[in-house]
Amino acid sequence: MRASRTDTADGTAPHGAASRATAPHGAPAAPRAGRDWERARSIAGSCAGRPLPAGPRSLADALGHALAEPLLALTDLPSFDTAAMDGWAVAGPGPWRLGGARVLAGEEPGPLGRDTAVPIATGAPVPPGATAVLRRENGDADPARDLLYDRSPGPVCEGQDIRPRGQECRSGEPLLPTGTTVTARVLGLAAAAGYDRLTVHRRPSVELLVLGDELLDQGVPRGGRVRDALGPLLPPWLRGRGAELIGHRRVADDPGPLREAVRNSPADVVITTGSTAAGPVDFLHDTLRSVGARLLIDSVAVRPGHPMLLAELPATTDGRARRLVGLPGNPLAAVAGLVTLAEPLLRRLGGHREAGPVRLTATAALPGHPRDTRLLPVFTSGREVTPLPFDGPAMLRGLALADALAVVPPGGVPAGAGVDVLDLPGR
């Protein structure tokens with residue numbers, strides 16, 4: 001994970017390096033607006049155009065996809081009056097005559113005569129004619145006289161402990177909008193509403209190319225080489241952001257293999273790590289030029305991670321559009337590239353609703369860069385955020401403790417002021 005020449009250990013840049021596009025000679029320059037952090041995120045999302053095609057999937061297969069149409073209730077929920085507590089279904093004010101078998105969930109009970117009570121279980125249909133459910137702890141049954149007495153503190157009101165039909169929703173009522181991410185909770189709601197399949201967008205396919213001859217897959221760093229941290233970090237992060245990872249491999253610091261990997265990738269989005277600056281073995285810009293790519297963003301005014309890039313690749317043989325996101329090699333800088341360029345692109349392609357920052361309050365001063373936006377690992381508690389140490393571009397210790405990234409504007413944020421915060425996956 002090679003450090004960019006212009007991303008120093010404290011997240012600042014050498015004099016004159018801030019916000020400068022770094023396109024090599026002959027490569028198309030990125031739009032000037034692409035260097036602003038917010039504008040870069042907007043370009044990354046909008047360049048995708050329309051979301052990927054949609055189709056029906058079983059509930060289990062829809063997990064992680066985005067709804068391509070609103071989720072409408074197929075029935076009233078609940079679809080009949082149900083008991084909210086164990087006890088007796090009663091008709092009238094009481095005392096009640098005991099009669100009939102216990103009503104269990106999944107049964108269809110017969111009607112209940114006036115001044116009559118039958119035992120009932122939570123979730124069971126309430127018999128026609130019942131006016132309330134008397135909780136078990138408030139009832140006093142006299143088997144000798146076949147009578148049930150009310151021992152609750154107050155009178156049993158009509159409708160007490162009955163969940164009426166349609167309490168949660170009515171048939172045809174919108175439950176969730178288009179673009180909602182299908183989570184485990186959404187699957188539960190869809191099943192309760194009667195769905196067997198959901199119409200969702202296809203997840204964008206991603207191939208991850210990890211660049212760097214200096215990377216080790218095992219053991220401690222040694223001999224001038226370092227462990228590959230991005231290989232383990234990025235795949236679950238990408239899956240958590242709606243991607244379908246179809247490939248993950250190491251590519252040598254050699255322009256030939258990199259060119260072939262980029263040219264031949266079938267993925268909707270190719271993500272590379274490292275080689276985004278202008279070092280002696282940084283071949284990504286030359287590769288993009290050689291395969292006929294069009295640079296959309298080449299460097300963003302953000303620390304860490306400013307030498308990130310976004311490009312349009314030539315389409316696949318079957319006409320599908322392809323994009324490439326180039327992440328810096330330093331771990332925290334690569335994460336900055338993920339949230340700046342990769343996540344907006346993947347969300348748009350997958351049809352997910354935009355997930356912008358939330359506004360919280362800084363408990364302590366958040367240091368900023370003199371000219372650029374800074375992404376700072378923070379810990380959140382309620383509506384407050386606290387900065388964490390170990391936030392250099394090559395560090396992951398602060399990120400491992402964080403549950404969010406604060407979007408710190410140039411100059412920093414004083415204690416007590418508001419700051420935008422981006423959620424991190426895996427909370």
# chains A, B, ... in the order shown; residues from 1 in each chain; ligands from 1
>>> select_by_dssp(residues="region 12-260 of chain A", states="strand (DSSP E)", output="ChimeraX atom specification")
/A:54-58,71-72,82-83,87-90,96-98,116-120,132-135,139-142,147-150,162-163,174-176,197-201,205-211,215-216,226-227,244-251
>>> residues_around(residues="region 380-397 of chain A", least_positions_apart="2", cutoff="10 Å", atoms="only C-alpha atoms", output="NGL selection string")
:A and (1-4 or 7-12 or 229 or 303-305 or 328-336 or 358-367 or 375-378 or 399-406 or 415-421 or 423)
>>> atom_distance(atom1="CA of Glu158 (chain A)", atom2="CA of Asp86 (chain A)")
16.7 Å
>>> residues_around(residues="Cys47 (chain A)", least_positions_apart="6", cutoff="9 Å", atoms="only C-alpha atoms", output="ChimeraX atom specification")
/A:296,312,345,348
>>> residues_around(residues="Ile271 (chain A)", least_positions_apart="6", cutoff="8 Å", atoms="only C-alpha atoms", output="JSON, numbers by chain")
{"A": [206, 207, 208, 209, 324, 325, 326, 327]}
>>> write_last_selection(atoms="N, CA and C atoms", output="compact mmCIF listing (two decimals), in the first residue's frame")
# COMPACT_ATOMS: atom_id res chain seq x y z
N VAL A 206 -18.33 -5.80 -9.01
CA VAL A 206 -17.09 -5.09 -8.71
C VAL A 206 -15.93 -6.07 -8.79
N GLU A 207 -14.84 -5.65 -9.43
CA GLU A 207 -13.58 -6.39 -9.37
C GLU A 207 -12.57 -5.52 -8.65
N LEU A 208 -11.91 -6.09 -7.65
CA LEU A 208 -10.94 -5.37 -6.83
C LEU A 208 -9.53 -5.79 -7.26
N LEU A 209 -8.73 -4.81 -7.67
CA LEU A 209 -7.35 -5.04 -8.07
C LEU A 209 -6.44 -4.36 -7.06
N LEU A 324 -14.13 2.99 -13.38
CA LEU A 324 -13.00 2.62 -12.53
C LEU A 324 -12.82 3.67 -11.46
N VAL A 325 -12.69 3.20 -10.21
CA VAL A 325 -12.37 4.07 -9.08
C VAL A 325 -10.97 3.71 -8.63
N GLY A 326 -10.07 4.69 -8.69
CA GLY A 326 -8.70 4.48 -8.24
C GLY A 326 -8.53 5.01 -6.83
N LEU A 327 -8.26 4.10 -5.88
CA LEU A 327 -8.06 4.48 -4.49
C LEU A 327 -6.57 4.63 -4.21
>>> residues_around(residues="Gly87 (chain A)", least_positions_apart="6", cutoff="12 Å", atoms="only C-alpha atoms", output="list in words")
Arg102, Val103, Leu104, Ala117, Val118, Pro119, Ile120, Ala121, Thr122, Gly123, Ala124, Val126, Ala132, Val133, Leu134, Arg135, Arg136, Glu137, Asn138, Gly139, Asp140, Ala141, Leu148, Asp150, Gln160, Asp161 and Ile162 of chain A
>>> atom_distance(atom1="CA of Gly194 (chain A)", atom2="CA of Leu72 (chain A)")
9.9 Å
>>> closest_residue(among="A:Asp298, A:Asp318, A:Glu168, A:Glu214", to="Thr75 (chain A)", atoms="only C-alpha atoms")
A:Glu168
>>> residues_around(residues="Ala355 (chain A)", least_positions_apart="2", cutoff="12 Å", atoms="only C-alpha atoms", output="ChimeraX atom specification")
/A:41-42,45,179-181,241,339,343-348,351-353,357-358,421-424
>>> write_last_selection(atoms="N, CA, C and O atoms", output="PDB file, in the first residue's frame")
ATOM      1  N   ARG A  41     -18.258  13.896  -4.916  1.00  0.00           N
ATOM      2  CA  ARG A  41     -19.269  12.900  -4.557  1.00  0.00           C
ATOM      3  C   ARG A  41     -20.478  12.983  -5.472  1.00  0.00           C
ATOM      4  O   ARG A  41     -21.062  11.966  -5.862  1.00  0.00           O
ATOM      5  N   SER A  42     -20.873  14.206  -5.801  1.00  0.00           N
ATOM      6  CA  SER A  42     -22.022  14.391  -6.685  1.00  0.00           C
ATOM      7  C   SER A  42     -21.730  13.837  -8.081  1.00  0.00           C
ATOM      8  O   SER A  42     -22.576  13.162  -8.686  1.00  0.00           O
ATOM      9  N   GLY A  45     -21.865  10.003  -8.122  1.00  0.00           N
ATOM     10  CA  GLY A  45     -23.214   9.458  -8.144  1.00  0.00           C
ATOM     11  C   GLY A  45     -23.922   9.681  -9.467  1.00  0.00           C
ATOM     12  O   GLY A  45     -24.553   8.771 -10.014  1.00  0.00           O
ATOM     13  N   GLY A 179     -36.024   2.380  -3.735  1.00  0.00           N
ATOM     14  CA  GLY A 179     -34.670   2.738  -3.341  1.00  0.00           C
ATOM     15  C   GLY A 179     -34.287   2.290  -1.955  1.00  0.00           C
ATOM     16  O   GLY A 179     -33.121   2.411  -1.564  1.00  0.00           O
ATOM     17  N   THR A 180     -35.240   1.748  -1.204  1.00  0.00           N
ATOM     18  CA  THR A 180     -34.928   1.254   0.129  1.00  0.00           C
ATOM     19  C   THR A 180     -34.022   0.026   0.029  1.00  0.00           C
ATOM     20  O   THR A 180     -34.276  -0.882  -0.757  1.00  0.00           O
ATOM     21  N   THR A 181     -32.968  -0.003   0.830  1.00  0.00           N
ATOM     22  CA  THR A 181     -32.088  -1.168   0.869  1.00  0.00           C
ATOM     23  C   THR A 181     -32.786  -2.311   1.587  1.00  0.00           C
ATOM     24  O   THR A 181     -33.361  -2.125   2.664  1.00  0.00           O
ATOM     25  N   ARG A 241     -21.893  -2.279   1.136  1.00  0.00           N
ATOM     26  CA  ARG A 241     -22.408  -1.105   0.421  1.00  0.00           C
ATOM     27  C   ARG A 241     -23.114  -1.502  -0.870  1.00  0.00           C
ATOM     28  O   ARG A 241     -23.310  -0.695  -1.769  1.00  0.00           O
ATOM     29  N   VAL A 339     -15.485   6.347   0.441  1.00  0.00           N
ATOM     30  CA  VAL A 339     -16.681   7.110   0.812  1.00  0.00           C
ATOM     31  C   VAL A 339     -16.889   8.307  -0.108  1.00  0.00           C
ATOM     32  O   VAL A 339     -18.015   8.792  -0.245  1.00  0.00           O
ATOM     33  N   GLU A 343     -18.618   4.749  -2.963  1.00  0.00           N
ATOM     34  CA  GLU A 343     -19.943   4.544  -2.374  1.00  0.00           C
ATOM     35  C   GLU A 343     -21.039   5.283  -3.132  1.00  0.00           C
ATOM     36  O   GLU A 343     -22.085   4.688  -3.425  1.00  0.00           O
ATOM     37  N   PRO A 344     -20.905   6.574  -3.467  1.00  0.00           N
ATOM     38  CA  PRO A 344     -21.970   7.217  -4.252  1.00  0.00           C
ATOM     39  C   PRO A 344     -22.221   6.533  -5.590  1.00  0.00           C
ATOM     40  O   PRO A 344     -23.368   6.402  -6.026  1.00  0.00           O
ATOM     41  N   LEU A 345     -21.146   6.074  -6.246  1.00  0.00           N
ATOM     42  CA  LEU A 345     -21.296   5.390  -7.528  1.00  0.00           C
ATOM     43  C   LEU A 345     -22.043   4.072  -7.361  1.00  0.00           C
ATOM     44  O   LEU A 345     -22.987   3.768  -8.106  1.00  0.00           O
ATOM     45  N   LEU A 346     -21.650   3.277  -6.374  1.00  0.00           N
ATOM     46  CA  LEU A 346     -22.284   1.975  -6.161  1.00  0.00           C
ATOM     47  C   LEU A 346     -23.738   2.124  -5.746  1.00  0.00           C
ATOM     48  O   LEU A 346     -24.605   1.352  -6.182  1.00  0.00           O
ATOM     49  N   ARG A 347     -24.013   3.112  -4.910  1.00  0.00           N
ATOM     50  CA  ARG A 347     -25.411   3.310  -4.470  1.00  0.00           C
ATOM     51  C   ARG A 347     -26.297   3.690  -5.645  1.00  0.00           C
ATOM     52  O   ARG A 347     -27.420   3.209  -5.767  1.00  0.00           O
ATOM     53  N   ARG A 348     -25.808   4.557  -6.512  1.00  0.00           N
ATOM     54  CA  ARG A 348     -26.611   4.968  -7.667  1.00  0.00           C
ATOM     55  C   ARG A 348     -26.820   3.805  -8.630  1.00  0.00           C
ATOM     56  O   ARG A 348     -27.945   3.571  -9.113  1.00  0.00           O
ATOM     57  N   GLY A 351     -29.382   1.438  -7.335  1.00  0.00           N
ATOM     58  CA  GLY A 351     -30.722   1.972  -7.139  1.00  0.00           C
ATOM     59  C   GLY A 351     -31.054   2.352  -5.707  1.00  0.00           C
ATOM     60  O   GLY A 351     -32.223   2.577  -5.380  1.00  0.00           O
ATOM     61  N   HIS A 352     -30.048   2.444  -4.838  1.00  0.00           N
ATOM     62  CA  HIS A 352     -30.289   2.789  -3.441  1.00  0.00           C
ATOM     63  C   HIS A 352     -30.531   4.289  -3.295  1.00  0.00           C
ATOM     64  O   HIS A 352     -29.966   5.102  -4.041  1.00  0.00           O
ATOM     65  N   ARG A 353     -31.335   4.629  -2.322  1.00  0.00           N
ATOM     66  CA  ARG A 353     -31.540   6.043  -2.027  1.00  0.00           C
ATOM     67  C   ARG A 353     -30.238   6.662  -1.540  1.00  0.00           C
ATOM     68  O   ARG A 353     -29.398   5.999  -0.934  1.00  0.00           O
ATOM     69  N   PRO A 357     -24.652  12.797   4.698  1.00  0.00           N
ATOM     70  CA  PRO A 357     -24.196  12.926   6.080  1.00  0.00           C
ATOM     71  C   PRO A 357     -25.326  13.345   7.013  1.00  0.00           C
ATOM     72  O   PRO A 357     -26.349  13.881   6.585  1.00  0.00           O
ATOM     73  N   VAL A 358     -25.133  13.069   8.305  1.00  0.00           N
ATOM     74  CA  VAL A 358     -26.024  13.582   9.337  1.00  0.00           C
ATOM     75  C   VAL A 358     -25.269  14.640  10.126  1.00  0.00           C
ATOM     76  O   VAL A 358     -24.040  14.630  10.187  1.00  0.00           O
ATOM     77  N   VAL A 421     -21.436  14.082   9.446  1.00  0.00           N
ATOM     78  CA  VAL A 421     -20.836  12.798   9.801  1.00  0.00           C
ATOM     79  C   VAL A 421     -21.338  11.730   8.829  1.00  0.00           C
ATOM     80  O   VAL A 421     -22.533  11.655   8.535  1.00  0.00           O
ATOM     81  N   LEU A 422     -20.412  10.907   8.334  1.00  0.00           N
ATOM     82  CA  LEU A 422     -20.736   9.786   7.461  1.00  0.00           C
ATOM     83  C   LEU A 422     -20.687   8.490   8.252  1.00  0.00           C
ATOM     84  O   LEU A 422     -19.697   8.214   8.957  1.00  0.00           O
ATOM     85  N   ASP A 423     -21.721   7.697   8.149  1.00  0.00           N
ATOM     86  CA  ASP A 423     -21.774   6.414   8.845  1.00  0.00           C
ATOM     87  C   ASP A 423     -20.772   5.452   8.230  1.00  0.00           C
ATOM     88  O   ASP A 423     -20.480   5.488   7.043  1.00  0.00           O
ATOM     89  N   LEU A 424     -20.233   4.545   9.068  1.00  0.00           N
ATOM     90  CA  LEU A 424     -19.343   3.492   8.609  1.00  0.00           C
ATOM     91  C   LEU A 424     -20.093   2.165   8.618  1.00  0.00           C
ATOM     92  O   LEU A 424     -20.940   1.928   9.483  1.00  0.00           O
TER      93      LEU A 424
END
>>> select_by_dssp(residues="region 47-231 of chain A", states="alpha helix (DSSP H)", output="list in words")
Leu59, Ala60, Asp61, Ala62, Ala184, Arg185, Val186, Leu187, Gly188, Leu189, Ala190, Ala191, Ala192, Leu230 and Gly231 of chain A
>>> atom_distance(atom1="CA of Arg259 (chain A)", atom2="CA of Arg289 (chain A)")
9.8 Å
>>> residues_around(residues="Asp81 (chain A)", least_positions_apart="6", cutoff="6 Å", atoms="only C-alpha atoms", output="VMD selection string")
chain A and resid 125 to 126 163 to 165
>>> closest_residue(among="A:Leu211, A:Ala277, A:Ser205, A:Arg222", to="Ala261 (chain A)", atoms="only C-alpha atoms")
A:Leu211
>>> decode(residues="region 41-193 of chain A", atoms="C-alpha atoms", output="CSV table (one decimal), in the first residue's frame")
chain,number,residue,atom,x,y,z
A,41,ARG,CA,-19.3,12.9,-4.6
A,42,SER,CA,-22.0,14.4,-6.7
A,43,ILE,CA,-20.2,13.6,-9.9
A,44,ALA,CA,-19.5,10.0,-8.7
A,45,GLY,CA,-23.2,9.5,-8.1
A,46,SER,CA,-24.5,11.2,-11.2
A,47,CYS,CA,-22.1,9.7,-13.7
A,48,ALA,CA,-23.8,6.3,-13.2
A,49,GLY,CA,-26.9,7.6,-15.0
A,50,ARG,CA,-29.9,5.2,-14.4
A,51,PRO,CA,-29.7,2.4,-11.9
A,52,LEU,CA,-29.0,-1.1,-13.2
A,53,PRO,CA,-31.9,-3.2,-14.4
A,54,ALA,CA,-34.5,-4.6,-12.0
A,55,GLY,CA,-36.1,-8.0,-11.7
A,56,PRO,CA,-37.9,-10.2,-9.2
A,57,ARG,CA,-36.0,-12.2,-6.6
A,58,SER,CA,-36.9,-14.5,-3.7
A,59,LEU,CA,-36.8,-12.8,-0.3
A,60,ALA,CA,-33.6,-14.5,0.6
A,61,ASP,CA,-31.9,-13.5,-2.7
A,62,ALA,CA,-33.1,-9.9,-2.4
A,63,LEU,CA,-31.0,-9.2,0.7
A,64,GLY,CA,-28.7,-6.3,0.1
A,65,HIS,CA,-30.4,-5.1,-3.1
A,66,ALA,CA,-32.5,-2.0,-3.5
A,67,LEU,CA,-36.3,-2.0,-4.0
A,68,ALA,CA,-37.1,-1.1,-7.6
A,69,GLU,CA,-40.7,-0.2,-6.8
A,70,PRO,CA,-42.6,0.8,-3.6
A,71,LEU,CA,-43.4,-2.0,-1.2
A,72,LEU,CA,-47.2,-1.9,-0.9
A,73,ALA,CA,-49.2,-3.9,1.7
A,74,LEU,CA,-50.8,-6.9,0.1
A,75,THR,CA,-53.2,-7.2,3.0
A,76,ASP,CA,-54.3,-5.5,6.2
A,77,LEU,CA,-51.9,-5.9,9.0
A,78,PRO,CA,-52.9,-7.6,11.2
A,79,SER,CA,-55.3,-9.2,8.7
A,80,PHE,CA,-57.8,-10.0,11.5
A,81,ASP,CA,-58.3,-8.9,15.1
A,82,THR,CA,-55.8,-10.7,17.3
A,83,ALA,CA,-55.2,-11.1,21.0
A,84,ALA,CA,-52.3,-9.0,22.3
A,85,MET,CA,-52.0,-11.0,25.5
A,86,ASP,CA,-52.6,-14.4,26.9
A,87,GLY,CA,-55.8,-14.6,28.9
A,88,TRP,CA,-59.5,-14.8,28.0
A,89,ALA,CA,-61.5,-13.4,25.1
A,90,VAL,CA,-64.6,-11.9,26.8
A,91,ALA,CA,-67.9,-10.6,25.6
A,92,GLY,CA,-69.6,-7.9,27.8
A,93,PRO,CA,-68.6,-6.4,31.2
A,94,GLY,CA,-68.4,-9.7,33.2
A,95,PRO,CA,-68.5,-11.8,35.2
A,96,TRP,CA,-68.5,-14.3,32.3
A,97,ARG,CA,-69.5,-17.9,31.8
A,98,LEU,CA,-66.5,-20.1,30.8
A,99,GLY,CA,-67.1,-22.1,27.7
A,100,GLY,CA,-65.4,-23.5,24.7
A,101,ALA,CA,-61.9,-24.7,24.0
A,102,ARG,CA,-58.8,-22.5,24.2
A,103,VAL,CA,-58.3,-20.4,21.1
A,104,LEU,CA,-54.8,-20.8,19.7
A,105,ALA,CA,-52.8,-19.0,17.0
A,106,GLY,CA,-53.6,-20.4,13.6
A,107,GLU,CA,-57.2,-21.3,14.4
A,108,GLU,CA,-60.5,-19.8,13.3
A,109,PRO,CA,-62.7,-19.6,16.3
A,110,GLY,CA,-66.5,-19.6,16.3
A,111,PRO,CA,-68.6,-16.7,17.6
A,112,LEU,CA,-68.6,-15.8,21.3
A,113,GLY,CA,-72.0,-15.3,23.0
A,114,ARG,CA,-72.6,-12.4,25.3
A,115,ASP,CA,-71.3,-12.7,28.9
A,116,THR,CA,-69.1,-15.6,27.8
A,117,ALA,CA,-65.3,-16.1,28.0
A,118,VAL,CA,-62.9,-18.5,26.3
A,119,PRO,CA,-59.2,-18.9,27.0
A,120,ILE,CA,-57.0,-17.3,24.2
A,121,ALA,CA,-53.3,-17.2,23.4
A,122,THR,CA,-51.3,-14.2,22.2
A,123,GLY,CA,-51.6,-13.8,18.5
A,124,ALA,CA,-54.7,-15.9,18.1
A,125,PRO,CA,-57.7,-14.6,16.2
A,126,VAL,CA,-60.3,-12.9,18.5
A,127,PRO,CA,-63.7,-14.7,18.2
A,128,PRO,CA,-66.5,-12.7,16.6
A,129,GLY,CA,-68.6,-11.1,19.3
A,130,ALA,CA,-65.6,-10.6,21.8
A,131,THR,CA,-65.3,-7.1,23.2
A,132,ALA,CA,-61.9,-7.4,24.9
A,133,VAL,CA,-59.2,-9.7,26.1
A,134,LEU,CA,-58.8,-10.1,29.9
A,135,ARG,CA,-55.2,-10.7,30.8
A,136,ARG,CA,-54.4,-14.0,32.5
A,137,GLU,CA,-53.0,-12.2,35.6
A,138,ASN,CA,-56.2,-10.2,36.0
A,139,GLY,CA,-58.6,-13.1,35.7
A,140,ASP,CA,-60.0,-15.3,38.5
A,141,ALA,CA,-61.6,-18.5,37.2
A,142,ASP,CA,-64.0,-20.5,39.4
A,143,PRO,CA,-64.2,-23.9,37.7
A,144,ALA,CA,-66.8,-25.1,40.2
A,145,ARG,CA,-69.3,-22.5,39.0
A,146,ASP,CA,-67.8,-22.1,35.4
A,147,LEU,CA,-67.4,-18.4,36.0
A,148,LEU,CA,-64.6,-15.9,35.3
A,149,TYR,CA,-64.2,-12.8,37.5
A,150,ASP,CA,-62.3,-9.6,36.7
A,151,ARG,CA,-59.6,-8.8,39.3
A,152,SER,CA,-57.9,-6.0,37.3
A,153,PRO,CA,-57.5,-2.5,38.9
A,154,GLY,CA,-60.1,-0.9,36.6
A,155,PRO,CA,-63.0,-1.9,34.3
A,156,VAL,CA,-62.3,-3.9,31.2
A,157,CYS,CA,-62.7,-1.4,28.4
A,158,GLU,CA,-64.0,-2.4,25.0
A,159,GLY,CA,-61.1,-3.3,22.7
A,160,GLN,CA,-58.6,-3.8,25.6
A,161,ASP,CA,-55.6,-5.9,24.6
A,162,ILE,CA,-57.0,-6.5,21.1
A,163,ARG,CA,-54.9,-5.6,18.1
A,164,PRO,CA,-57.5,-4.5,15.6
A,165,ARG,CA,-57.4,-5.5,12.0
A,166,GLY,CA,-55.4,-2.9,10.0
A,167,GLN,CA,-53.8,-1.4,13.0
A,168,GLU,CA,-50.3,-1.4,11.3
A,169,CYS,CA,-51.5,-0.8,7.7
A,170,ARG,CA,-54.3,-1.3,5.2
A,171,SER,CA,-54.1,-3.3,2.0
A,172,GLY,CA,-52.5,-1.2,-0.7
A,173,GLU,CA,-50.8,1.2,1.7
A,174,PRO,CA,-47.2,2.2,0.9
A,175,LEU,CA,-44.9,0.6,3.4
A,176,LEU,CA,-41.4,1.5,2.0
A,177,PRO,CA,-40.3,3.7,-0.9
A,178,THR,CA,-38.4,2.8,-4.0
A,179,GLY,CA,-34.7,2.7,-3.3
A,180,THR,CA,-34.9,1.3,0.1
A,181,THR,CA,-32.1,-1.2,0.9
A,182,VAL,CA,-33.4,-4.7,1.6
A,183,THR,CA,-32.1,-5.5,5.1
A,184,ALA,CA,-33.1,-8.3,7.4
A,185,ARG,CA,-35.8,-6.0,8.8
A,186,VAL,CA,-37.2,-5.3,5.4
A,187,LEU,CA,-37.4,-9.0,4.7
A,188,GLY,CA,-39.4,-9.5,7.8
A,189,LEU,CA,-41.8,-6.7,6.9
A,190,ALA,CA,-42.2,-8.0,3.4
A,191,ALA,CA,-42.9,-11.5,4.5
A,192,ALA,CA,-45.5,-10.3,7.1
A,193,ALA,CA,-47.1,-8.3,4.3
